[in-house]
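**Student:** For reference, this is data_8.txt, and it has compact mmCIF, C-alpha atoms and all ligand atoms.
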# COMPACT_ATOMS: atom_id res chain seq x y z
CA MET T 1 123.50 111.58 264.12
CA LYS T 2 123.04 112.39 260.42
CA LYS T 3 121.70 115.82 259.52
CA ALA T 4 119.23 116.44 256.69
CA LEU T 5 117.81 119.62 255.20
CA VAL T 6 114.34 119.33 253.66
CA CYS T 7 113.46 122.22 251.32
CA GLY T 8 109.69 122.44 250.84
CA ALA T 9 109.07 120.94 254.30
CA GLY T 10 105.90 123.04 254.61
CA GLY T 11 104.45 121.18 251.64
CA PHE T 12 102.83 117.82 251.04
CA ILE T 13 105.67 115.41 250.19
CA GLY T 14 108.28 117.43 252.13
CA GLY T 15 106.11 117.25 255.28
CA HIS T 16 105.85 113.47 254.99
CA LEU T 17 109.57 113.18 254.20
CA VAL T 18 110.45 115.03 257.43
CA LYS T 19 108.49 112.38 259.36
CA LYS T 20 110.29 109.58 257.51
CA LEU T 21 113.72 111.09 258.23
CA LYS T 22 112.87 111.57 261.91
CA ARG T 23 111.82 107.89 262.12
CA ALA T 24 115.17 107.02 260.50
CA GLY T 25 117.00 108.89 263.31
CA TYR T 26 118.08 112.08 261.51
CA TRP T 27 118.36 115.60 262.90
CA VAL T 28 116.17 117.51 260.43
CA ARG T 29 115.89 121.16 259.47
CA GLY T 30 112.84 122.03 257.41
CA VAL T 31 112.68 125.13 255.22
CA ASP T 32 109.75 126.62 253.36
CA ILE T 33 108.27 129.97 252.42
CA LYS T 34 105.22 129.04 254.53
CA ALA T 35 104.45 126.82 257.51
CA HIS T 36 102.74 123.48 256.92
CA GLU T 37 98.99 124.11 256.67
CA PHE T 38 97.74 120.80 257.97
CA ALA T 39 100.11 119.37 260.57
CA PRO T 40 102.70 120.74 263.01
CA THR T 41 106.17 120.12 261.62
CA GLN T 42 108.17 117.27 263.11
CA ALA T 43 111.45 118.86 262.04
CA ASP T 44 113.91 119.68 264.82
CA GLU T 45 114.12 123.18 263.39
CA PHE T 46 111.93 124.95 260.83
CA LEU T 47 113.00 128.11 259.00
CA LEU T 48 110.67 130.34 257.01
CA LEU T 49 112.79 131.37 254.02
CA ASP T 50 112.19 132.34 250.40
CA LEU T 51 114.56 130.02 248.54
CA ARG T 52 114.40 132.09 245.35
CA GLU T 53 117.00 134.29 247.10
CA ALA T 54 120.57 132.97 247.04
CA HIS T 55 121.39 134.39 250.49
CA ASN T 56 118.44 132.44 251.95
CA CYS T 57 119.76 129.23 250.40
CA TRP T 58 123.13 129.86 252.10
CA HIS T 59 121.29 130.55 255.36
CA ALA T 60 119.28 127.32 255.04
CA LEU T 61 122.47 125.33 254.45
CA ALA T 62 124.51 126.86 257.29
CA VAL T 63 124.75 124.40 260.17
CA ASP T 64 127.07 124.03 263.15
CA GLY T 65 129.91 121.55 262.79
CA GLY T 66 130.24 121.18 259.00
CA THR T 67 127.52 120.60 256.42
CA PHE T 68 124.27 118.72 256.17
CA ASP T 69 124.83 115.08 255.18
CA GLU T 70 121.85 115.18 252.83
CA VAL T 71 119.78 117.93 251.21
CA TYR T 72 116.33 117.09 249.87
CA GLN T 73 115.13 119.76 247.42
CA LEU T 74 111.33 119.59 247.11
CA ALA T 75 110.51 123.31 247.17
CA ALA T 76 108.66 124.40 244.04
CA ASP T 77 105.89 126.73 242.95
CA MET T 78 103.52 124.03 241.82
CA GLY T 79 100.01 122.62 241.80
CA GLY T 80 97.65 120.47 239.78
CA MET T 81 96.75 120.86 236.10
CA GLY T 82 94.56 123.93 236.73
CA PHE T 83 97.52 125.74 238.29
CA ILE T 84 100.09 124.43 235.79
CA HIS T 85 98.07 125.78 232.87
CA THR T 86 97.43 129.23 234.36
CA ALA T 87 100.63 130.02 236.29
CA GLU T 88 103.22 129.22 233.61
CA CYS T 89 105.39 132.30 234.28
CA GLU T 90 105.34 131.87 238.08
CA ILE T 91 106.30 128.20 237.74
CA MET T 92 109.17 128.85 235.35
CA HIS T 93 110.43 131.93 237.20
CA ASN T 94 110.05 130.86 240.82
CA SER T 95 110.95 127.18 240.62
CA ALA T 96 113.94 127.88 238.35
CA LEU T 97 115.29 130.47 240.80
CA ILE T 98 114.88 128.06 243.73
CA ASN T 99 116.68 125.29 241.85
CA ILE T 100 119.44 127.52 240.47
CA ASN T 101 120.26 128.94 243.89
CA MET T 102 119.90 125.73 245.90
CA ILE T 103 122.17 123.53 243.78
CA ASP T 104 124.76 126.31 243.43
CA SER T 105 124.88 126.95 247.20
CA ALA T 106 124.82 123.24 248.11
CA ALA T 107 127.65 122.42 245.69
CA ARG T 108 129.85 125.33 246.84
CA ILE T 109 129.26 124.47 250.52
CA GLN T 110 130.20 120.88 249.57
CA VAL T 111 127.08 119.09 250.72
CA PRO T 112 127.86 115.42 249.99
CA ARG T 113 124.39 114.32 248.80
CA TYR T 114 121.62 116.26 247.08
CA PHE T 115 118.19 114.93 246.16
CA PHE T 116 116.12 116.73 243.51
CA SER T 117 112.38 116.14 243.00
CA SER T 118 111.66 116.08 239.29
CA SER T 119 108.53 114.80 237.58
CA VAL T 120 107.35 112.52 234.80
CA CYS T 121 106.04 115.79 233.31
CA VAL T 122 109.49 115.94 231.64
CA TYR T 123 108.24 113.31 229.15
CA ARG T 124 106.20 113.87 226.02
CA ASP T 125 102.58 112.73 225.83
CA MET T 126 102.02 109.06 225.02
CA ALA T 127 99.45 107.13 223.04
CA LEU T 128 97.17 104.64 224.80
CA ASP T 129 98.82 101.19 224.99
CA GLU T 130 102.23 102.57 223.97
CA PRO T 131 105.19 100.56 225.35
CA THR T 132 107.00 101.99 228.37
CA LEU T 133 109.29 105.01 228.10
CA THR T 134 112.63 104.72 229.87
CA GLU T 135 114.45 107.60 231.56
CA ALA T 136 116.56 108.09 228.42
CA ASP T 137 113.40 108.71 226.37
CA ALA T 138 112.96 112.15 227.95
CA VAL T 139 115.28 113.30 225.14
CA PRO T 140 114.56 114.51 222.46
CA ALA T 141 112.39 116.54 224.77
CA ASN T 142 108.80 117.62 224.24
CA PRO T 143 107.12 118.07 227.64
CA ASP T 144 103.42 118.90 227.54
CA ASN T 145 103.76 121.94 229.82
CA GLU T 146 106.21 124.55 231.11
CA TYR T 147 106.38 122.81 234.49
CA GLY T 148 108.01 119.85 232.71
CA TRP T 149 110.48 122.08 230.86
CA GLU T 150 111.57 123.75 234.10
CA LYS T 151 112.09 120.33 235.72
CA LEU T 152 114.18 119.18 232.78
CA TYR T 153 116.39 122.27 233.01
CA ALA T 154 116.76 121.85 236.77
CA GLU T 155 117.72 118.18 236.34
CA ARG T 156 120.41 119.08 233.83
CA MET T 157 121.71 121.88 236.02
CA ALA T 158 122.00 119.57 239.04
CA LEU T 159 123.81 116.98 236.92
CA ALA T 160 126.21 119.64 235.61
CA TYR T 161 127.11 120.59 239.20
CA ALA T 162 127.64 116.90 239.98
CA ARG T 163 130.22 116.77 237.17
CA HIS T 164 132.15 119.81 238.44
CA TYR T 165 131.80 119.71 242.26
CA PRO T 166 132.20 116.93 244.83
CA ILE T 167 128.42 116.49 245.23
CA GLN T 168 126.39 113.33 244.64
CA VAL T 169 123.10 114.19 242.96
CA ARG T 170 120.06 111.91 243.00
CA ILE T 171 117.04 112.72 240.84
CA ALA T 172 113.55 111.22 241.08
CA ARG T 173 110.92 111.68 238.40
CA PHE T 174 107.75 111.29 240.45
CA GLU T 175 104.51 110.01 239.04
CA ASN T 176 101.38 111.54 240.63
CA CYS T 177 101.72 111.39 244.40
CA TYR T 178 98.70 111.59 246.71
CA GLY T 179 97.69 111.11 250.32
CA PRO T 180 96.56 112.97 253.44
CA GLU T 181 97.98 116.37 254.43
CA GLY T 182 98.21 117.73 250.91
CA THR T 183 96.49 120.75 249.34
CA TRP T 184 92.81 119.84 248.82
CA ARG T 185 91.23 123.17 247.80
CA GLY T 186 92.17 126.65 246.59
CA GLY T 187 93.28 125.94 243.00
CA ARG T 188 96.60 124.14 243.52
CA GLU T 189 95.10 120.76 244.44
CA LYS T 190 95.88 117.79 242.20
CA ALA T 191 93.33 115.37 240.74
CA PRO T 192 93.14 112.80 243.60
CA ALA T 193 92.60 115.50 246.25
CA ALA T 194 90.20 117.51 244.06
CA ILE T 195 88.10 114.45 243.29
CA CYS T 196 88.02 113.34 246.96
CA ARG T 197 86.90 116.85 247.95
CA LYS T 198 84.15 116.93 245.33
CA VAL T 199 82.89 113.51 246.44
CA ALA T 200 83.00 114.54 250.12
CA GLU T 201 81.01 117.69 249.32
CA ALA T 202 78.42 115.86 247.18
CA PRO T 203 75.19 114.63 248.77
CA ASP T 204 74.22 110.96 248.48
CA GLY T 205 72.73 110.61 244.99
CA GLY T 206 74.56 113.79 243.88
CA MET T 207 76.96 114.59 241.03
CA ILE T 208 80.63 115.53 240.70
CA ASP T 209 82.31 117.27 237.76
CA VAL T 210 85.46 115.63 236.38
CA TRP T 211 87.65 117.49 233.88
CA GLY T 212 88.00 115.83 230.46
CA ASP T 213 86.36 112.59 229.37
CA GLY T 214 87.86 110.39 232.10
CA THR T 215 90.00 108.29 229.74
CA ALA T 216 93.40 109.82 230.60
CA ILE T 217 95.75 107.22 232.10
CA ARG T 218 97.86 107.87 235.19
CA ASN T 219 99.74 106.15 237.97
CA PHE T 220 98.91 107.41 241.48
CA THR T 221 101.50 106.61 244.15
CA TYR T 222 100.68 106.87 247.84
CA VAL T 223 102.86 109.33 249.72
CA ASP T 224 104.24 106.88 252.31
CA ASP T 225 105.53 104.71 249.48
CA MET T 226 106.98 107.75 247.71
CA VAL T 227 108.96 109.03 250.70
CA GLU T 228 110.39 105.54 251.25
CA ALA T 229 111.54 105.55 247.60
CA ILE T 230 113.02 109.05 247.95
CA TYR T 231 115.02 107.93 250.97
CA ARG T 232 116.29 104.76 249.30
CA LEU T 233 117.22 106.62 246.10
CA THR T 234 119.17 109.23 248.06
CA GLN T 235 121.16 106.51 249.87
CA SER T 236 121.76 104.61 246.61
CA ASP T 237 124.49 104.94 244.00
CA LEU T 238 121.97 105.39 241.15
CA GLN T 239 123.15 108.33 239.07
CA GLY T 240 120.89 110.12 236.60
CA ALA T 241 117.12 110.43 236.75
CA VAL T 242 114.99 107.56 238.06
CA ASN T 243 111.25 107.11 237.49
CA LEU T 244 109.49 106.68 240.84
CA GLY T 245 105.95 105.37 240.93
CA GLY T 246 103.88 102.23 241.23
CA GLU T 247 103.06 99.77 238.47
CA GLU T 248 99.28 100.40 238.60
CA TYR T 249 98.02 102.57 235.69
CA VAL T 250 94.36 103.59 235.83
CA THR T 251 91.96 105.97 234.10
CA VAL T 252 90.76 109.18 235.73
CA THR T 253 87.29 107.59 235.73
CA ALA T 254 88.67 104.67 237.79
CA LEU T 255 90.23 107.19 240.20
CA ALA T 256 86.86 108.93 240.61
CA GLU T 257 85.03 105.61 241.05
CA THR T 258 87.55 104.60 243.73
CA ALA T 259 86.93 107.84 245.64
CA ILE T 260 83.15 107.32 245.33
CA ALA T 261 83.51 103.76 246.63
CA ALA T 262 85.55 105.05 249.59
CA SER T 263 82.74 107.50 250.44
CA GLY T 264 80.09 104.78 250.61
CA LYS T 265 77.76 107.17 248.78
CA ASN T 266 76.02 106.90 245.44
CA VAL T 267 77.61 109.73 243.44
CA HIS T 268 77.41 110.24 239.66
CA ILE T 269 80.16 111.58 237.41
CA ARG T 270 79.66 114.39 234.87
CA TYR T 271 82.51 115.04 232.42
CA VAL T 272 83.20 118.74 231.78
CA ASP T 273 85.79 120.76 229.86
CA GLY T 274 88.95 121.47 231.84
CA PRO T 275 92.74 121.17 231.69
CA VAL T 276 93.51 117.46 231.60
CA GLY T 277 97.17 117.33 230.59
CA VAL T 278 98.58 114.35 228.75
CA GLN T 279 96.48 111.42 227.55
CA ALA T 280 98.58 108.46 228.64
CA ARG T 281 101.49 107.44 230.87
CA ASN T 282 103.49 104.21 231.00
CA PHE T 283 107.00 104.39 232.40
CA SER T 284 109.71 101.81 232.83
CA LYS T 285 110.50 100.97 236.47
CA VAL T 286 113.60 98.95 235.66
CA ARG T 287 116.00 101.54 237.15
CA SER T 288 114.05 101.88 240.41
CA GLN T 289 114.17 98.08 240.87
CA ALA T 290 117.76 98.60 242.00
CA LEU T 291 116.28 100.28 245.10
CA ASP T 292 114.56 97.04 246.12
CA TRP T 293 111.41 99.13 246.41
CA GLN T 294 107.92 98.92 245.09
CA ALA T 295 104.74 100.82 245.90
CA GLU T 296 102.88 98.75 248.48
CA THR T 297 99.68 100.74 248.85
CA ASP T 298 97.13 100.00 246.15
CA LEU T 299 94.80 102.71 244.88
CA SER T 300 91.72 101.66 246.86
CA GLU T 301 93.62 101.54 250.15
CA GLY T 302 95.45 104.83 249.51
CA ILE T 303 92.32 106.63 248.34
CA ALA T 304 90.34 105.30 251.33
CA ARG T 305 92.89 106.93 253.67
CA THR T 306 93.05 110.12 251.61
CA TYR T 307 89.27 110.35 251.32
CA ALA T 308 88.84 109.95 255.08
CA TRP T 309 91.29 112.80 255.73
CA ILE T 310 89.75 115.13 253.10
CA ALA T 311 86.19 114.36 254.22
CA ALA T 312 87.24 115.41 257.75
CA GLN T 313 88.69 118.68 256.36
CA VAL T 314 85.49 119.34 254.40
CA ALA T 315 83.36 118.72 257.51
CA ARG T 316 85.59 120.99 259.61
CA ALA T 317 85.43 123.77 256.98
CA LYS T 318 81.61 123.45 256.89
CA ASP T 319 81.37 123.69 260.68
CA ALA T 320 83.62 126.75 260.67
CA ALA T 321 81.55 128.54 257.98
P1 LIG C 1 103.80 121.28 247.55
O1 LIG C 1 103.33 122.47 246.80
O2 LIG C 1 102.90 120.73 248.61
O3 LIG C 1 105.22 121.56 248.21
C1 LIG C 1 106.15 122.48 247.66
C2 LIG C 1 106.55 123.42 248.75
O4 LIG C 1 107.51 124.35 248.21
C3 LIG C 1 105.38 124.25 249.30
O5 LIG C 1 105.21 124.06 250.69
C4 LIG C 1 105.77 125.67 248.98
O6 LIG C 1 105.38 126.63 249.96
C5 LIG C 1 107.29 125.57 248.88
N1 LIG C 1 107.83 126.72 248.17
C6 LIG C 1 107.33 127.31 247.05
N2 LIG C 1 108.05 128.41 246.75
C7 LIG C 1 109.03 128.50 247.68
C8 LIG C 1 110.07 129.42 247.91
N3 LIG C 1 110.25 130.47 247.08
N4 LIG C 1 110.89 129.23 248.97
C9 LIG C 1 110.70 128.19 249.81
N5 LIG C 1 109.72 127.26 249.66
C10 LIG C 1 108.89 127.43 248.59
O7 LIG C 1 104.14 120.16 246.48
P2 LIG C 1 104.46 118.61 246.65
O8 LIG C 1 103.34 117.87 246.02
O9 LIG C 1 104.86 118.33 248.04
O10 LIG C 1 105.72 118.48 245.68
C11 LIG C 1 107.05 118.47 246.16
C12 LIG C 1 107.99 118.36 244.97
O11 LIG C 1 107.70 117.19 244.22
C13 LIG C 1 107.90 119.53 244.00
O12 LIG C 1 109.17 119.81 243.49
C14 LIG C 1 107.03 118.97 242.90
O13 LIG C 1 107.24 119.63 241.68
C15 LIG C 1 107.47 117.53 242.86
N6 LIG C 1 106.45 116.64 242.29
C16 LIG C 1 105.29 116.41 242.95
C17 LIG C 1 104.35 115.56 242.39
C18 LIG C 1 103.05 115.26 243.09
O14 LIG C 1 102.25 114.48 242.56
N7 LIG C 1 102.78 115.82 244.25
C19 LIG C 1 104.60 114.94 241.15
C20 LIG C 1 105.79 115.22 240.50
C21 LIG C 1 106.73 116.04 241.08
Mind turning the file's structure into structure tokens?
Ligand code: NAD

**Tutor:**
Amino acid sequence: MKKALVCGAGGFIGGHLVKKLKRAGYWVRGVDIKAHEFAPTQADEFLLLDLREAHNCWHALAVDGGTFDEVYQLAADMGGMGFIHTAECEIMHNSALININMIDSAARIQVPRYFFSSSVCVYRDMALDEPTLTEADAVPANPDNEYGWEKLYAERMALAYARHYPIQVRIARFENCYGPEGTWRGGREKAPAAICRKVAEAPDGGMIDVWGDGTAIRNFTYVDDMVEAIYRLTQSDLQGAVNLGGEEYVTVTALAETAIAASGKNVHIRYVDGPVGVQARNFSKVRSQALDWQAETDLSEGIARTYAWIAAQVARAKDAA
């Protein structure tokens, strides 16, 4: 039986990845600084560890009878645009320490395969209707925020270890990922979850606030599709970073309208000042085609599932208040 370590297993994508690996027949150890907030872990073993500390990374990697076959590194101090713009020092300090210590420990322990979760935040902003950027276009670098700079550094560090140690490194640059069992309130939530929550909280005929003017373009990839892509990329021989996301690019207004449609309510949108991030995204998916993968869940289906889960959380929180 193959053994996998999932770092960040108490988080959104890590939690879903544990389920995917269990379905694929792995023995899984999850590690996180906190337990999963929304669902009991399906990992065979779950360790609460602060991965900023090198000795905790060694602890996480220690396993009877050799090494883990695969390590999936998704632990990060992260959140949506509100968090990214306010917690710049925490992001750069904490996520860099996690990545520095995890790749160093994994390479020295001689883990054969190491997956790193990067982001399309490594790219510069784009103009509307600009042709696609490929993975190579991340350099010369000009990310819009410090989160992107930290990811770029961590990518390069992992690739340096791959040149000097017997470790295969696989790097995904995720587009926005959404779905149930992710942070939906508290300041770290990302746009799809925040908008679903606002719609769920709004009365029929009510109003939601959306940051910016609604014209920013994004891809939103449903989490089940993303964990399938992570798994395939890790098994593949694709070296270097790979953009992972669907082909569907929509405006933030379209995202909000999709959440409103899922609610069945009549809800109006008011545009307010707030941290929006980049204006446009459009990334080449040529490299990920080698994975024989494409996002299967379209936005309306994925948002319908996400809205239903968040509306249930909102109702539960209201009952508990
Ligand atoms: P998340 O915040 O839900 O999960 C990250 C997990 O890392 C959290 O559970 C957190 O507790 C854990 N963590 C933070 N500090 C830690 C520490 N010191 N020690 C151990 N664990 C620690 O985020 P997510 O959306 O699941 O993202 C997973 C990865 O994917 C992250 O690296 C993120 O940057 C990347 N990513 C996510 C998206 C997205 O849209 N969700 C997009 C691009 C990249």

**Student:** I'd like to know which of T:Ala9, T:Val169, T:Cys196, T:Leu299 is closest to ligand LIG 1 (chain C), using only C-alpha atoms and all ligand atoms.

**Tutor:**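 Checking each of T:Ala9, T:Val169, T:Cys196, T:Leu299 against ligand LIG 1 (chain C), counting only C-alpha atoms and all ligand atoms, the winner is T:Ala9.
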
**Student:** Name each residue within 8 Å of ligand LIG 1 (chain C), counting all atoms listed in the file, as a ChimeraX atom specification.

**Tutor:** /T:7-15,31-36,48-53,73-79,94-95,98,116-121,147,151,173-178,182-183,188,190,220

**Student:** Could you list, as a ChimeraX atom specification, every residue within 7 Å of range 239-252 of chain T, counting all atoms listed in the file and ignoring same-chain residues fewer than 3 positions away?

**Tutor:** /T:135,170-175,214-219,221,255-256,285,287-288,294-295

**Student:** With distances taken over only C-alpha atoms, which of T:Gly212, T:Gly82, T:Gly25, T:Gly206 is nearest to Lys2 in chain T?

**Tutor:**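 Nearest to Lys2 in chain T: T:Gly25.
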
**Student:** List the neighbours of range 257-268 of chain T out to 9 Å using only C-alpha atoms; skip same-chain residues closer than 5 positions along the sequence, and give me the result as an MDAnalysis selection string.

**Tutor:** chainID T and resid 192 195:196 199:200 202:209 252 299:301 303:308 311

**Student:** Kindly indicate which residue among T:Val139, T:Met126, T:Met92, T:Ala24 lies nearest to Gln279 in chain T, using only C-alpha atoms for the distances.

**Tutor:**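 Smallest distance to Gln279 in chain T is found for T:Met126.
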
**Student:** Show me, as a PyMOL selection string, the residues that have an atom within 12 Å of Trp149 in chain T when counting all atoms listed in the file, minus same-chain residues fewer than 2 positions from it.

**Tutor:** chain T and resi 84+88-89+91-93+95-96+118-124+138-139+141-147+151-156

**Student:** From the set T:Ala54, T:Val276, T:Val63, T:Ala193, which residue has the shortest atom-to-atom contact distance to Trp309 in chain T, counting all atoms listed in the file?

**Tutor:** T:Ala193

**Student:** What is the CA of Trp184 in chain T to CA of Gly274 in chain T distance in Å?

**Tutor:**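 Taking CA of Trp184 in chain T as the start and CA of Gly274 in chain T as the end point, the length is 17.5 Å.
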
**Student:** I'd like the contact shell of Gln42 in chain T - 9 Å cut-off, all atoms listed in the file, skipping same-chain residues fewer than 2 positions apart - returned as a list of chain:residue names.

**Tutor:** T:Gly15, T:Val18, T:Lys19, T:Lys22, T:Val28, T:Gly30, T:Ala39, T:Pro40, T:Asp44, T:Glu45, T:Phe46

**Student:** Hey, can you check how far CA of Glu37 in chain T sits from CA of Gln313 in chain T?

**Tutor:**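 These atoms are spaced 11.6 Å apart.
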
**Student:** Just give me the gap between CA of Val286 in chain T and CA of Pro131 in chain T in Å, one decimal is fine.

**Tutor:**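 Result for CA of Val286 in chain T versus CA of Pro131 in chain T: 13.4 Å, one decimal.
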
**Student:** Can you tell me, as a list in words, what residues are no more than 10 Å from Met1 in chain T when counting all atoms listed in the file, ignoring any on the same chain fewer than 4 positions away?

**Tutor:** Gly25, Tyr26, Trp27 and Asp69 of chain T

**Student:** Using all atoms listed in the file for the distances, tell me which of T:Tyr72, T:Gln235, T:Cys57, T:Val223 is nearest to Asn101 in chain T.

**Tutor:** T:Cys57

**Student:** Filtering to N, CA and C atoms, could range 221-238 of chain T of the supplied structure be written out as a PDB file, in the first residue's frame?

**Tutor:**
ATOM      1  N   THR T 221     -12.201  26.950 -10.239  1.00  0.00           N
ATOM      2  CA  THR T 221     -12.148  25.500 -10.479  1.00  0.00           C
ATOM      3  C   THR T 221     -12.679  24.760  -9.257  1.00  0.00           C
ATOM      4  N   TYR T 222     -13.610  23.852  -9.506  1.00  0.00           N
ATOM      5  CA  TYR T 222     -14.247  23.115  -8.410  1.00  0.00           C
ATOM      6  C   TYR T 222     -13.236  22.158  -7.767  1.00  0.00           C
ATOM      7  N   VAL T 223     -13.339  22.029  -6.451  1.00  0.00           N
ATOM      8  CA  VAL T 223     -12.292  21.330  -5.698  1.00  0.00           C
ATOM      9  C   VAL T 223     -12.134  19.855  -6.089  1.00  0.00           C
ATOM     10  N   ASP T 224     -13.211  19.164  -6.433  1.00  0.00           N
ATOM     11  CA  ASP T 224     -13.065  17.749  -6.829  1.00  0.00           C
ATOM     12  C   ASP T 224     -12.207  17.638  -8.088  1.00  0.00           C
ATOM     13  N   ASP T 225     -12.421  18.579  -9.013  1.00  0.00           N
ATOM     14  CA  ASP T 225     -11.603  18.581 -10.234  1.00  0.00           C
ATOM     15  C   ASP T 225     -10.144  18.888  -9.878  1.00  0.00           C
ATOM     16  N   MET T 226      -9.947  19.828  -8.959  1.00  0.00           N
ATOM     17  CA  MET T 226      -8.572  20.228  -8.614  1.00  0.00           C
ATOM     18  C   MET T 226      -7.809  19.079  -7.955  1.00  0.00           C
ATOM     19  N   VAL T 227      -8.432  18.339  -7.047  1.00  0.00           N
ATOM     20  CA  VAL T 227      -7.672  17.265  -6.390  1.00  0.00           C
ATOM     21  C   VAL T 227      -7.369  16.137  -7.371  1.00  0.00           C
ATOM     22  N   GLU T 228      -8.236  15.927  -8.338  1.00  0.00           N
ATOM     23  CA  GLU T 228      -7.940  14.926  -9.382  1.00  0.00           C
ATOM     24  C   GLU T 228      -6.700  15.373 -10.172  1.00  0.00           C
ATOM     25  N   ALA T 229      -6.642  16.668 -10.493  1.00  0.00           N
ATOM     26  CA  ALA T 229      -5.490  17.195 -11.242  1.00  0.00           C
ATOM     27  C   ALA T 229      -4.205  17.105 -10.412  1.00  0.00           C
ATOM     28  N   ILE T 230      -4.310  17.394  -9.122  1.00  0.00           N
ATOM     29  CA  ILE T 230      -3.130  17.315  -8.239  1.00  0.00           C
ATOM     30  C   ILE T 230      -2.579  15.892  -8.260  1.00  0.00           C
ATOM     31  N   TYR T 231      -3.497  14.945  -8.138  1.00  0.00           N
ATOM     32  CA  TYR T 231      -3.083  13.535  -8.101  1.00  0.00           C
ATOM     33  C   TYR T 231      -2.401  13.141  -9.419  1.00  0.00           C
ATOM     34  N   ARG T 232      -3.041  13.499 -10.525  1.00  0.00           N
ATOM     35  CA  ARG T 232      -2.464  13.118 -11.830  1.00  0.00           C
ATOM     36  C   ARG T 232      -1.114  13.794 -12.054  1.00  0.00           C
ATOM     37  N   LEU T 233      -1.002  15.060 -11.653  1.00  0.00           N
ATOM     38  CA  LEU T 233       0.277  15.764 -11.835  1.00  0.00           C
ATOM     39  C   LEU T 233       1.370  15.087 -11.008  1.00  0.00           C
ATOM     40  N   THR T 234       1.029  14.695  -9.791  1.00  0.00           N
ATOM     41  CA  THR T 234       2.052  14.078  -8.925  1.00  0.00           C
ATOM     42  C   THR T 234       2.524  12.744  -9.496  1.00  0.00           C
ATOM     43  N   GLN T 235       1.621  12.001 -10.129  1.00  0.00           N
ATOM     44  CA  GLN T 235       2.017  10.716 -10.733  1.00  0.00           C
ATOM     45  C   GLN T 235       2.778  10.923 -12.050  1.00  0.00           C
ATOM     46  N   SER T 236       2.660  12.097 -12.652  1.00  0.00           N
ATOM     47  CA  SER T 236       3.173  12.327 -14.010  1.00  0.00           C
ATOM     48  C   SER T 236       4.687  12.571 -14.019  1.00  0.00           C
ATOM     49  N   ASP T 237       5.228  12.688 -15.234  1.00  0.00           N
ATOM     50  CA  ASP T 237       6.647  13.058 -15.330  1.00  0.00           C
ATOM     51  C   ASP T 237       6.811  14.522 -15.768  1.00  0.00           C
ATOM     52  N   LEU T 238       5.793  15.343 -15.524  1.00  0.00           N
ATOM     53  CA  LEU T 238       5.850  16.762 -15.909  1.00  0.00           C
ATOM     54  C   LEU T 238       6.716  17.546 -14.932  1.00  0.00           C
TER      55      LEU T 238
END
